[in-house]
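S.K.: Just so it is clear, I am handing over entry.csv, which has CSV, C-alpha atoms and all ligand atoms.
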chain,number,residue,atom,x,y,z
A,1,MET,CA,-25.9,171.5,130.7
A,2,ASN,CA,-25.9,174.7,128.7
A,3,THR,CA,-28.5,174.2,126.0
A,4,LYS,CA,-27.8,177.5,124.4
A,5,SER,CA,-24.2,176.6,123.5
A,6,LYS,CA,-25.4,173.4,121.9
A,7,LYS,CA,-27.6,174.6,119.2
A,8,ILE,CA,-28.8,171.8,117.1
A,9,LYS,CA,-28.4,172.4,113.5
A,10,VAL,CA,-31.1,170.6,111.5
A,11,ILE,CA,-29.9,170.0,108.0
A,12,ASP,CA,-32.6,169.7,105.5
A,13,PRO,CA,-31.6,166.9,103.1
A,14,SER,CA,-30.9,168.1,99.6
A,15,PRO,CA,-33.6,167.2,97.0
A,16,GLU,CA,-31.1,164.6,95.6
A,17,ASN,CA,-30.7,163.0,99.0
A,18,LYS,CA,-34.5,163.1,99.6
A,19,LYS,CA,-34.9,161.3,96.3
A,20,TYR,CA,-32.5,158.5,97.3
A,21,MET,CA,-34.2,158.2,100.7
A,22,ARG,CA,-37.6,157.7,99.0
A,23,ILE,CA,-36.1,155.1,96.7
A,24,PHE,CA,-34.7,153.3,99.8
A,25,GLU,CA,-38.0,153.6,101.7
A,26,GLN,CA,-40.2,152.6,98.9
A,27,SER,CA,-38.1,149.8,97.4
A,28,PRO,CA,-40.1,146.5,97.1
A,29,ILE,CA,-36.9,144.7,98.1
A,30,ALA,CA,-36.0,144.4,101.8
A,31,ILE,CA,-32.9,146.5,102.4
A,32,GLU,CA,-30.8,146.9,105.6
A,33,LEU,CA,-28.0,149.4,106.0
A,34,TYR,CA,-25.1,148.7,108.3
A,35,ASP,CA,-22.3,151.0,109.4
A,36,GLU,CA,-18.6,150.2,109.0
A,37,ASN,CA,-18.6,148.2,112.2
A,38,GLY,CA,-21.5,146.1,111.0
A,39,LYS,CA,-24.2,147.7,113.2
A,40,LEU,CA,-27.6,148.2,111.7
A,41,VAL,CA,-28.5,151.8,111.1
A,42,ASN,CA,-31.6,151.5,109.1
A,43,ALA,CA,-34.1,149.1,107.5
A,44,ASN,CA,-36.7,150.0,104.9
A,45,GLN,CA,-40.4,149.3,105.1
A,46,SER,CA,-40.2,146.1,102.9
A,47,CYS,CA,-37.6,144.8,105.4
A,48,LEU,CA,-39.8,145.5,108.4
A,49,ASP,CA,-42.8,143.8,106.6
A,50,LEU,CA,-40.6,140.8,105.8
A,51,PHE,CA,-39.6,140.3,109.4
A,52,GLY,CA,-43.0,141.3,110.8
A,53,ILE,CA,-41.5,144.3,112.7
A,54,GLU,CA,-43.4,147.5,113.4
A,55,ASN,CA,-40.6,149.9,114.0
A,56,ALA,CA,-37.0,149.8,112.8
A,57,ASP,CA,-35.8,151.1,116.2
A,58,VAL,CA,-36.2,147.6,117.7
A,59,ILE,CA,-33.5,146.2,115.4
A,60,LYS,CA,-31.2,149.2,115.2
A,61,GLY,CA,-27.8,148.5,116.4
A,62,PHE,CA,-28.2,144.8,115.5
A,63,ASP,CA,-24.7,143.3,114.8
A,64,LEU,CA,-24.4,141.8,111.3
A,65,PHE,CA,-21.4,139.8,112.2
A,66,ALA,CA,-23.0,138.3,115.2
A,67,ASP,CA,-25.9,137.0,113.1
A,68,PRO,CA,-26.0,133.2,113.7
A,69,ASN,CA,-27.5,132.8,110.2
A,70,LEU,CA,-24.4,134.2,108.6
A,71,PRO,CA,-22.0,131.4,107.5
A,72,PRO,CA,-18.5,131.9,109.0
A,73,GLN,CA,-17.0,132.1,105.5
A,74,ALA,CA,-19.4,134.8,104.5
A,75,ILE,CA,-18.2,136.9,107.5
A,76,ILE,CA,-14.6,136.5,106.4
A,77,ASP,CA,-15.4,137.4,102.8
A,78,VAL,CA,-17.5,140.4,103.7
A,79,GLN,CA,-14.9,141.8,106.0
A,80,ALA,CA,-12.4,141.3,103.2
A,81,GLY,CA,-14.5,143.6,101.0
A,82,LYS,CA,-16.2,140.9,98.9
A,83,SER,CA,-19.9,140.6,98.1
A,84,VAL,CA,-21.6,137.5,99.3
A,85,LYS,CA,-24.9,135.7,98.7
A,86,TYR,CA,-26.3,133.0,100.9
A,87,GLU,CA,-29.6,131.3,101.9
A,88,PHE,CA,-30.8,130.5,105.4
A,89,ALA,CA,-33.8,129.2,107.3
A,90,PHE,CA,-35.1,131.9,109.6
A,91,ASP,CA,-36.9,130.7,112.7
A,92,PHE,CA,-39.4,133.3,113.8
A,93,ASP,CA,-40.5,131.0,116.7
A,94,ARG,CA,-37.0,131.2,118.1
A,95,VAL,CA,-37.0,135.0,117.8
A,96,LYS,CA,-40.2,135.0,120.0
A,97,GLU,CA,-38.9,132.3,122.4
A,98,LYS,CA,-35.6,134.2,122.9
A,99,LYS,CA,-37.6,137.5,123.1
A,100,LEU,CA,-35.1,139.1,120.5
A,101,TYR,CA,-37.8,141.5,119.3
A,102,ASP,CA,-41.5,141.6,118.6
A,103,THR,CA,-42.6,140.0,115.3
A,104,SER,CA,-46.0,139.3,113.8
A,105,ARG,CA,-44.5,136.3,111.9
A,106,GLU,CA,-44.2,132.7,113.0
A,107,GLY,CA,-42.6,129.4,111.9
A,108,ILE,CA,-39.6,128.8,109.7
A,109,CYS,CA,-39.1,130.9,106.5
A,110,TYR,CA,-36.3,130.6,104.0
A,111,MET,CA,-34.5,133.8,103.0
A,112,GLU,CA,-31.9,134.7,100.4
A,113,CYS,CA,-29.5,137.4,101.3
A,114,TYR,CA,-26.9,139.5,99.5
A,115,ILE,CA,-24.4,141.5,101.4
A,116,ASN,CA,-22.4,144.2,99.6
A,117,PRO,CA,-19.7,146.4,101.2
A,118,ILE,CA,-20.2,150.1,100.5
A,119,ASN,CA,-17.0,152.0,99.8
A,120,ASN,CA,-16.4,155.8,99.6
A,121,GLU,CA,-14.7,157.5,96.7
A,122,GLU,CA,-11.3,156.6,98.2
A,123,GLY,CA,-12.4,153.0,98.2
A,124,ASP,CA,-12.5,152.7,102.0
A,125,PRO,CA,-15.4,150.8,103.6
A,126,THR,CA,-18.1,152.9,105.1
A,127,GLY,CA,-20.8,150.3,105.7
A,128,TYR,CA,-22.7,147.4,104.2
A,129,ILE,CA,-26.0,147.1,102.3
A,130,VAL,CA,-28.0,143.9,102.7
A,131,HIS,CA,-30.8,142.8,100.4
A,132,VAL,CA,-33.1,140.1,101.7
A,133,THR,CA,-35.7,138.1,99.7
A,134,GLU,CA,-38.0,135.5,101.0
A,135,ILE,CA,-37.7,132.2,99.1
A,136,THR,CA,-39.9,129.9,101.3
A,137,GLU,CA,-42.2,128.9,98.4
A,138,ARG,CA,-39.2,128.0,96.2
A,139,LYS,CA,-37.5,126.2,99.0
A,140,GLN,CA,-40.6,124.2,99.9
A,141,ALA,CA,-41.0,123.2,96.2
A,142,GLU,CA,-37.3,122.1,96.2
A,143,ILE,CA,-37.8,120.1,99.4
A,144,LEU,CA,-40.9,118.4,97.9
A,145,LEU,CA,-39.1,117.7,94.7
A,146,LYS,CA,-36.2,116.1,96.6
A,147,LYS,CA,-38.6,114.1,98.7
A,148,GLN,CA,-40.4,112.9,95.5
A,149,ALA,CA,-37.1,112.0,93.9
A,150,THR,CA,-36.0,110.0,96.9
A,151,GLU,CA,-39.4,108.2,96.9
A,152,LEU,CA,-39.1,107.5,93.2
A,153,GLN,CA,-35.6,106.1,93.6
A,154,TYR,CA,-36.8,104.0,96.5
A,155,LEU,CA,-39.7,102.6,94.4
A,156,ASN,CA,-37.4,101.9,91.6
A,157,VAL,CA,-35.0,99.9,94.0
A,158,THR,CA,-38.1,98.1,95.4
A,159,LYS,CA,-39.3,97.2,91.9
A,160,ASP,CA,-35.8,95.9,91.0
A,161,LYS,CA,-35.8,93.7,94.2
A,162,PHE,CA,-39.4,92.5,93.4
A,163,PHE,CA,-38.3,91.4,89.9
A,164,SER,CA,-35.1,89.8,91.1
A,165,ILE,CA,-37.0,87.8,93.7
A,166,ILE,CA,-39.6,86.7,91.2
A,167,ALA,CA,-36.8,85.8,88.7
A,168,HIS,CA,-34.8,83.7,91.2
A,169,ASP,CA,-37.4,82.2,93.6
A,170,LEU,CA,-40.3,81.5,91.3
A,171,LYS,CA,-38.0,79.8,88.8
A,172,ASN,CA,-37.4,76.8,91.0
A,173,PRO,CA,-41.0,75.8,91.7
A,174,PHE,CA,-41.9,76.3,88.1
A,175,ASN,CA,-39.0,74.2,87.0
A,176,ALA,CA,-40.4,71.4,89.2
A,177,ILE,CA,-44.0,71.9,88.1
A,178,ILE,CA,-43.1,71.9,84.3
A,179,GLY,CA,-40.4,69.2,84.7
A,180,PHE,CA,-42.6,66.7,86.6
A,181,SER,CA,-45.8,67.3,84.6
A,182,ASP,CA,-43.8,66.9,81.4
A,183,LEU,CA,-42.3,63.6,82.6
A,184,MET,CA,-45.7,62.3,83.7
A,185,LEU,CA,-47.4,63.2,80.4
A,186,LYS,CA,-44.6,61.6,78.3
A,187,ASN,CA,-44.7,58.4,80.3
A,188,PHE,CA,-48.3,58.5,81.3
A,189,SER,CA,-49.3,54.9,80.3
A,190,SER,CA,-46.2,53.3,81.8
A,191,LEU,CA,-46.1,55.0,85.3
A,192,ASP,CA,-47.2,53.0,88.3
A,193,ASP,CA,-49.5,54.5,91.0
A,194,GLN,CA,-46.7,55.1,93.4
A,195,THR,CA,-44.6,57.1,90.9
A,196,LEU,CA,-47.7,59.1,89.8
A,197,HIS,CA,-48.5,59.9,93.4
A,198,LYS,CA,-44.9,61.0,94.1
A,199,GLY,CA,-44.9,63.2,90.9
A,200,LEU,CA,-48.2,64.8,91.7
A,201,THR,CA,-47.1,65.5,95.3
A,202,THR,CA,-44.0,67.3,94.1
A,203,ILE,CA,-46.1,69.4,91.7
A,204,GLU,CA,-48.6,70.2,94.4
A,205,SER,CA,-46.0,71.3,96.8
A,206,ALA,CA,-44.1,73.3,94.2
A,207,ALA,CA,-47.3,75.0,93.1
A,208,THR,CA,-48.3,75.8,96.7
A,209,HIS,CA,-44.9,77.2,97.4
A,210,ALA,CA,-45.0,79.4,94.3
A,211,TYR,CA,-48.5,80.6,95.2
A,212,LYS,CA,-47.4,81.5,98.8
A,213,LEU,CA,-44.3,83.3,97.5
A,214,LEU,CA,-46.4,85.3,95.0
A,215,GLU,CA,-49.0,86.1,97.5
A,216,ASN,CA,-46.4,87.4,100.0
A,217,LEU,CA,-44.6,89.3,97.3
A,218,LEU,CA,-47.9,91.0,96.2
A,219,ILE,CA,-48.7,92.0,99.8
A,220,TRP,CA,-45.2,93.3,100.3
A,221,SER,CA,-45.1,95.3,97.1
A,222,ARG,CA,-48.6,96.7,97.7
A,223,ASN,CA,-47.3,97.8,101.1
A,224,GLN,CA,-44.3,99.5,99.6
A,225,ILE,CA,-46.4,101.7,97.4
A,226,GLY,CA,-49.0,102.3,100.1
A,227,ARG,CA,-51.8,100.4,98.5
A,228,ASN,CA,-52.5,97.9,101.3
A,229,THR,CA,-55.7,98.9,103.1
A,230,TYR,CA,-55.0,99.9,106.7
A,231,ASN,CA,-58.2,99.7,108.8
A,232,PRO,CA,-57.3,100.1,112.4
A,233,GLU,CA,-59.8,99.2,115.1
A,234,ILE,CA,-59.6,98.5,118.8
A,235,LEU,CA,-58.4,95.0,119.2
A,236,ASN,CA,-58.0,92.7,122.2
A,237,LEU,CA,-54.5,91.2,121.8
A,238,LYS,CA,-55.2,88.3,124.1
A,239,THR,CA,-58.1,87.2,121.8
A,240,ARG,CA,-56.0,87.7,118.6
A,241,ILE,CA,-53.2,85.5,120.0
A,242,GLU,CA,-55.5,82.7,121.1
A,243,GLU,CA,-57.3,82.6,117.8
A,244,VAL,CA,-54.0,82.5,115.8
A,245,ILE,CA,-52.7,79.8,118.1
A,246,LYS,CA,-55.8,77.8,117.4
A,247,MET,CA,-55.3,78.0,113.7
A,248,ALA,CA,-51.7,76.8,114.1
A,249,GLU,CA,-52.8,73.8,116.2
A,250,GLY,CA,-52.6,71.3,113.4
A,251,SER,CA,-49.0,71.9,112.5
A,252,ALA,CA,-48.0,71.9,116.2
A,253,ILE,CA,-49.8,68.6,116.8
A,254,ASN,CA,-48.0,67.1,113.8
A,255,LYS,CA,-44.7,67.9,115.3
A,256,ASP,CA,-45.8,67.2,118.9
A,257,ILE,CA,-44.9,70.7,119.9
A,258,ARG,CA,-46.6,72.3,123.0
A,259,VAL,CA,-47.8,75.9,122.5
A,260,THR,CA,-48.4,77.7,125.7
A,261,THR,CA,-49.3,81.3,126.6
A,262,ASN,CA,-48.7,83.7,129.4
A,263,ILE,CA,-51.0,86.7,128.8
A,264,ARG,CA,-52.4,88.2,132.0
A,265,LYS,CA,-54.3,91.2,130.6
A,266,ASN,CA,-56.5,92.0,127.6
A,267,TYR,CA,-54.1,94.6,126.2
A,268,PRO,CA,-56.1,96.8,123.9
A,269,VAL,CA,-54.4,98.1,120.8
A,270,PHE,CA,-55.6,100.3,117.9
A,271,ALA,CA,-54.5,98.2,115.0
A,272,ASP,CA,-55.4,96.5,111.7
A,273,LYS,CA,-56.7,93.1,112.5
A,274,ASN,CA,-55.4,91.4,109.3
A,275,MET,CA,-52.0,92.8,109.7
A,276,ILE,CA,-51.6,91.9,113.4
A,277,ASP,CA,-53.0,88.4,112.7
A,278,THR,CA,-50.4,88.1,109.8
A,279,VAL,CA,-47.6,89.1,112.2
A,280,LEU,CA,-48.7,86.6,114.9
A,281,ARG,CA,-49.3,83.9,112.4
A,282,ASN,CA,-45.8,84.3,110.9
A,283,LEU,CA,-44.1,84.3,114.2
A,284,ILE,CA,-46.0,81.4,115.6
A,285,SER,CA,-45.7,79.3,112.5
A,286,ASN,CA,-42.0,80.0,112.3
A,287,ALA,CA,-41.5,79.0,115.9
A,288,ILE,CA,-43.2,75.7,115.1
A,289,LYS,CA,-41.4,75.3,111.8
A,290,TYR,CA,-37.9,75.8,113.3
A,291,THR,CA,-38.4,73.7,116.4
A,292,HIS,CA,-37.8,69.9,116.6
A,293,LYS,CA,-40.4,67.4,117.3
A,294,GLY,CA,-41.4,67.4,121.0
A,295,GLY,CA,-40.2,71.1,121.4
A,296,LYS,CA,-41.9,74.0,123.1
A,297,VAL,CA,-43.3,77.4,122.0
A,298,LYS,CA,-44.4,80.1,124.4
A,299,VAL,CA,-46.3,83.2,123.5
A,300,SER,CA,-46.3,86.0,126.2
A,301,ALA,CA,-47.5,89.5,126.5
A,302,THR,CA,-46.3,92.2,129.0
A,303,SER,CA,-46.6,95.9,129.2
A,304,ASN,CA,-43.6,98.2,129.1
A,305,ASN,CA,-44.3,101.9,129.6
A,306,ASN,CA,-47.2,102.6,127.1
A,307,LYS,CA,-46.4,99.7,125.0
A,308,VAL,CA,-47.3,96.0,125.0
A,309,GLU,CA,-44.5,93.6,124.1
A,310,ILE,CA,-45.5,90.3,122.7
A,311,SER,CA,-42.9,87.6,122.5
A,312,VAL,CA,-42.9,84.2,120.7
A,313,ALA,CA,-40.2,82.0,122.1
A,314,ASP,CA,-39.1,78.5,121.0
A,315,ASN,CA,-36.5,76.1,121.9
A,316,GLY,CA,-35.7,75.2,118.3
A,317,ILE,CA,-32.7,75.4,116.0
A,318,GLY,CA,-32.0,79.2,116.7
A,319,ILE,CA,-30.4,81.6,114.2
A,320,SER,CA,-26.7,82.1,113.6
A,321,PRO,CA,-25.4,85.7,114.2
A,322,ASP,CA,-24.6,86.3,110.5
A,323,LYS,CA,-28.2,85.4,109.6
A,324,LEU,CA,-29.7,87.5,112.3
A,325,SER,CA,-28.9,90.8,110.7
A,326,ALA,CA,-30.4,89.7,107.4
A,327,ILE,CA,-33.8,88.3,108.3
A,328,PHE,CA,-35.7,91.6,108.2
A,329,GLU,CA,-34.2,92.9,105.0
A,330,ILE,CA,-35.5,92.3,101.6
A,331,ASP,CA,-32.2,92.4,99.8
A,332,LYS,CA,-30.5,90.1,102.2
A,333,ARG,CA,-33.4,87.7,102.6
A,334,THR,CA,-32.6,84.2,104.0
A,335,ASN,CA,-34.6,81.1,103.6
A,336,THR,CA,-34.0,78.0,105.7
A,337,LEU,CA,-36.0,74.7,105.5
A,338,GLY,CA,-37.9,73.9,108.7
A,339,THR,CA,-37.0,70.9,111.0
A,340,ALA,CA,-39.5,68.8,109.0
A,341,ASP,CA,-38.3,70.2,105.7
A,342,GLU,CA,-41.1,72.8,105.6
A,343,GLN,CA,-40.5,75.3,102.9
A,344,GLY,CA,-40.6,79.1,103.5
A,345,THR,CA,-40.7,82.2,101.4
A,346,GLY,CA,-38.1,84.3,103.3
A,347,LEU,CA,-40.6,87.1,103.2
A,348,GLY,CA,-42.7,86.6,106.3
A,349,LEU,CA,-40.5,88.6,108.7
A,350,ILE,CA,-40.1,91.4,106.2
A,351,LEU,CA,-43.9,91.7,106.0
A,352,CYS,CA,-44.1,91.6,109.8
A,353,LYS,CA,-41.7,94.5,110.1
A,354,ASP,CA,-43.5,96.5,107.4
A,355,PHE,CA,-46.9,95.9,109.1
A,356,LEU,CA,-45.5,96.9,112.5
A,357,ASP,CA,-43.9,100.0,111.1
A,358,LYS,CA,-47.4,101.1,110.0
A,359,HIS,CA,-48.5,100.8,113.7
A,360,ASP,CA,-45.5,102.6,115.2
A,361,GLY,CA,-44.4,99.3,116.4
A,362,GLN,CA,-41.1,97.5,116.5
A,363,ILE,CA,-39.8,94.0,116.1
A,364,TRP,CA,-36.6,92.4,117.2
A,365,VAL,CA,-35.1,89.0,117.9
A,366,GLU,CA,-32.9,87.3,120.5
A,367,SER,CA,-31.5,83.9,119.4
A,368,SER,CA,-28.7,81.5,120.0
A,369,PRO,CA,-28.0,78.6,117.6
A,370,GLY,CA,-29.1,75.3,118.9
A,371,LYS,CA,-31.0,76.8,121.9
A,372,GLY,CA,-33.9,78.6,120.4
A,373,SER,CA,-35.2,82.0,119.4
A,374,LYS,CA,-37.4,84.7,120.9
A,375,PHE,CA,-39.1,87.1,118.5
A,376,ILE,CA,-40.5,90.2,120.3
A,377,PHE,CA,-42.7,92.9,118.9
A,378,SER,CA,-44.2,96.0,120.5
A,379,LEU,CA,-47.3,98.0,119.9
A,380,PRO,CA,-48.6,101.2,121.5
A,381,ILE,CA,-51.3,100.4,124.1
A,382,TYR,CA,-54.6,102.0,123.1
A,383,GLU,CA,-55.6,104.8,125.5
A,384,LYS,CA,-59.3,105.7,125.6
A,385,GLN,CA,-58.9,109.5,125.8
A,386,LYS,CA,-56.7,109.5,122.6
A,387,PRO,CA,-58.6,110.7,119.5
A,388,VAL,CA,-58.9,107.9,117.0
A,401,LIG,P1,-39.6,81.8,106.0
A,401,LIG,O1,-40.8,81.8,105.2
A,401,LIG,O2,-38.3,81.3,105.3
A,401,LIG,O3,-39.8,81.3,107.3
A,401,LIG,P2,-39.3,84.3,107.3
A,401,LIG,O4,-39.2,85.7,106.8
A,401,LIG,O5,-40.5,84.1,108.2
A,401,LIG,O6,-39.3,83.4,106.1
A,401,LIG,O7,-38.0,83.9,108.1
A,401,LIG,C1,-36.7,84.3,107.5
A,401,LIG,C2,-35.7,83.3,108.0
A,401,LIG,O8,-35.5,83.6,109.4
A,401,LIG,C3,-36.0,81.9,108.0
A,401,LIG,O9,-35.7,81.3,106.7
A,401,LIG,C4,-35.2,81.3,109.1
A,401,LIG,O10,-33.8,81.2,108.6
A,401,LIG,C5,-35.1,82.4,110.1
A,401,LIG,N1,-36.1,82.2,111.2
A,401,LIG,C6,-37.3,82.8,111.4
A,401,LIG,N2,-38.0,82.5,112.5
A,401,LIG,C7,-37.2,81.5,113.1
A,401,LIG,C8,-37.2,80.8,114.3
A,401,LIG,N3,-38.3,80.9,115.1
A,401,LIG,N4,-36.2,80.0,114.6
A,401,LIG,C9,-35.1,79.9,113.7
A,401,LIG,N5,-35.0,80.6,112.6
A,401,LIG,C10,-36.0,81.4,112.3
For the structure just supplied, provide its representation as structure tokens.

M.R.:
Amino acid sequence: MNTKSKKIKVIDPSPENKKYMRIFEQSPIAIELYDENGKLVNANQSCLDLFGIENADVIKGFDLFADPNLPPQAIIDVQAGKSVKYEFAFDFDRVKEKKLYDTSREGICYMECYINPINNEEGDPTGYIVHVTEITERKQAEILLKKQATELQYLNVTKDKFFSIIAHDLKNPFNAIIGFSDLMLKNFSSLDDQTLHKGLTTIESAATHAYKLLENLLIWSRNQIGRNTYNPEILNLKTRIEEVIKMAEGSAINKDIRVTTNIRKNYPVFADKNMIDTVLRNLISNAIKYTHKGGKVKVSATSNNNKVEISVADNGIGISPDKLSAIFEIDKRTNTLGTADEQGTGLGLILCKDFLDKHDGQIWVESSPGKGSKFIFSLPIYEKQKPV
């Protein structure tokens, strides 16, 4: 190669050009310049700082139209000579993972970007100028606001449900309490012992039912707003199941129902004792409640991967398919009398589900009408090496 014939002529930029270059370099706004084919020719210092890049050379030649962050419509608009503005989430970890270029930044940042075509005096495109601004803080505030709005809306719906349950379900027992006590007071001297006893029994059962309903509603609503104390500890599930069965012995004996267990191991779980006892109590008392005299209830525990699955199976009345989908949902709550006319609140299973959600657990049911039901819940098995 004849170097002599190829004399390089260095043109010193005019003072005017130098001025514009300094403005470009020192602009506090990140600016990228692209040629008419959309290839990056230069990026100023603010742009390099924004993307954590040391030297513009590593990104020179970058294809604007191959940028996965650029929405397809923006490409069409820019190529048609229009200016566009868009926002995107920029994943610096992906840049590192794919080894696109070296960057000192990490995580996901939100950017706002303006692309403007640059035209010459004749109006022909000669390139593109791109301004990028980081809007991570604004975006995070927006995300937080949206989350809070959703939570507020949820709390509002929850509050509405709470009041509608109170209005409907508490009315009946109070009607009974007020009606019967009024009747007894008005006819006090003329009532015989048997009628008095019957009236008092009705009042007592209505008051007990109203109290239970209110108690469950309060636990449920406290749970909704995160006010229930959650004190997890290492529990032995076998012991918990045996203790809860012992407490339910009375109602099982009354209905001549045999409660058996099949729990081979002492599955340890890291859980809140009150909540787990409530779940077990609800499932076991339901099994007894919805099983005919002389029936059977079996509580079993097995492990499945890192979880323990506890099942409470009965050979009672079972649940129809249309009811099955409603029993864990507050707005579709169902309430069936037990086989000995035991009253329920229709909130027990909803509480079970809420409590299990808190433990990363799950609950589901298999049932066929007339044959029986099997409620199963799972909990992560406690592993010693895990930090608690
Ligand atoms: P309740 O206090 O009414 O028992 P739950 O939330 O515990 O409230 O149960 C909701 C409904 O699910 C019950 O009213 C009943 O219809 C049905 N159910 C629950 N457990 C059983 C079961 N073991 N067998 C049949 N039906 C059941």

S.K.: Hey, which residues sit close to ligand LIG 401 (chain A)? Say within 6 Å, counting only C-alpha atoms and all ligand atoms, and write them as a PDB file with C-alpha atoms, in the coordinates of the input.

M.R.:
ATOM      1  CA  ASN A 282     -45.800  84.300 110.900  1.00  0.00           C
ATOM      2  CA  ASN A 286     -42.000  80.000 112.300  1.00  0.00           C
ATOM      3  CA  ALA A 287     -41.500  79.000 115.900  1.00  0.00           C
ATOM      4  CA  TYR A 290     -37.900  75.800 113.300  1.00  0.00           C
ATOM      5  CA  ILE A 317     -32.700  75.400 116.000  1.00  0.00           C
ATOM      6  CA  GLY A 318     -32.000  79.200 116.700  1.00  0.00           C
ATOM      7  CA  ILE A 319     -30.400  81.600 114.200  1.00  0.00           C
ATOM      8  CA  ILE A 327     -33.800  88.300 108.300  1.00  0.00           C
ATOM      9  CA  THR A 334     -32.600  84.200 104.000  1.00  0.00           C
ATOM     10  CA  ASN A 335     -34.600  81.100 103.600  1.00  0.00           C
ATOM     11  CA  THR A 336     -34.000  78.000 105.700  1.00  0.00           C
ATOM     12  CA  GLY A 344     -40.600  79.100 103.500  1.00  0.00           C
ATOM     13  CA  THR A 345     -40.700  82.200 101.400  1.00  0.00           C
ATOM     14  CA  GLY A 346     -38.100  84.300 103.300  1.00  0.00           C
ATOM     15  CA  LEU A 347     -40.600  87.100 103.200  1.00  0.00           C
ATOM     16  CA  GLY A 348     -42.700  86.600 106.300  1.00  0.00           C
ATOM     17  CA  LEU A 349     -40.500  88.600 108.700  1.00  0.00           C
ATOM     18  CA  ILE A 350     -40.100  91.400 106.200  1.00  0.00           C
ATOM     19  CA  SER A 373     -35.200  82.000 119.400  1.00  0.00           C
TER      20      SER A 373
END

S.K.: Please provide the set of residues having any atom within 9 Å of Arg105 in chain A, restricted to only C-alpha atoms, with same-chain residues fewer than 6 positions apart removed, written as a list of chain:residue names.

M.R.: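 Residues meeting the cut-off are A:Leu50, A:Phe51, A:Gly52, A:Ile53, A:Phe92, A:Asp93.
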
S.K.: Determine, counting only C-alpha atoms, every residue of protein, DNA or RNA that lies within 10 Å of (-39.4, 144.4, 106.8) in the file coordinates, then give the result as a ChimeraX atom specification.

M.R.: /A:28-32,43-56,132

S.K.: Compile the contact shell of range 248-250 of chain A as a ChimeraX atom specification: residues with an atom at most 9 Å away, counting all atoms listed in the file, same-chain residues fewer than 5 positions apart removed.

M.R.: /A:243,255,259,281,284-285,288

S.K.: Between A:Phe88, A:Phe180, A:Asn315, A:Ser190, which has the minimum distance to Pro71 in chain A (counting all atoms listed in the file)?

M.R.: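 Nearest candidate to Pro71 in chain A out of A:Phe88, A:Phe180, A:Asn315, A:Ser190: A:Phe88.
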
S.K.: Using Å and a single decimal, report how far CA of Ala89 in chain A sits from CA of Glu142 in chain A.

M.R.: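 Atom-to-atom, CA of Glu142 in chain A to CA of Ala89 in chain A, that is 13.6 Å.
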
S.K.: Excluding Asp360 in chain A and any residue of its chain fewer than 4 positions from it, enumerate the residues within 12 Å of it, using only C-alpha atoms, and give them as JSON, numbers by chain.

M.R.: {"A": [269, 270, 271, 307, 308, 353, 354, 355, 356, 377, 378, 379, 380, 381]}

S.K.: Rank A:Ile276, A:Leu351, A:Leu218, A:Ile166 by their smallest atom-to-atom distance to Pro232 in chain A, using only C-alpha atoms, and report the top residue only.

M.R.: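 Closest to Pro232 in chain A of all the choices is A:Ile276.
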
S.K.: Tell me, in Å to one decimal, how far CA of Arg258 in chain A is from CA of Gly294 in chain A.

M.R.: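 Value for the CA of Arg258 in chain A-CA of Gly294 in chain A distance: 7.4 Å.
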
S.K.: Work out how far CA of Tyr128 in chain A is from CA of Leu33 in chain A, in Å to one decimal.

M.R.: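 A separation of 5.9 Å between them.
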
S.K.: So which one's closest to Gln79 in chain A, A:Leu144, A:Thr126, A:Glu97, A:Asp256? Using all atoms listed in the file, please.

M.R.: A:Thr126
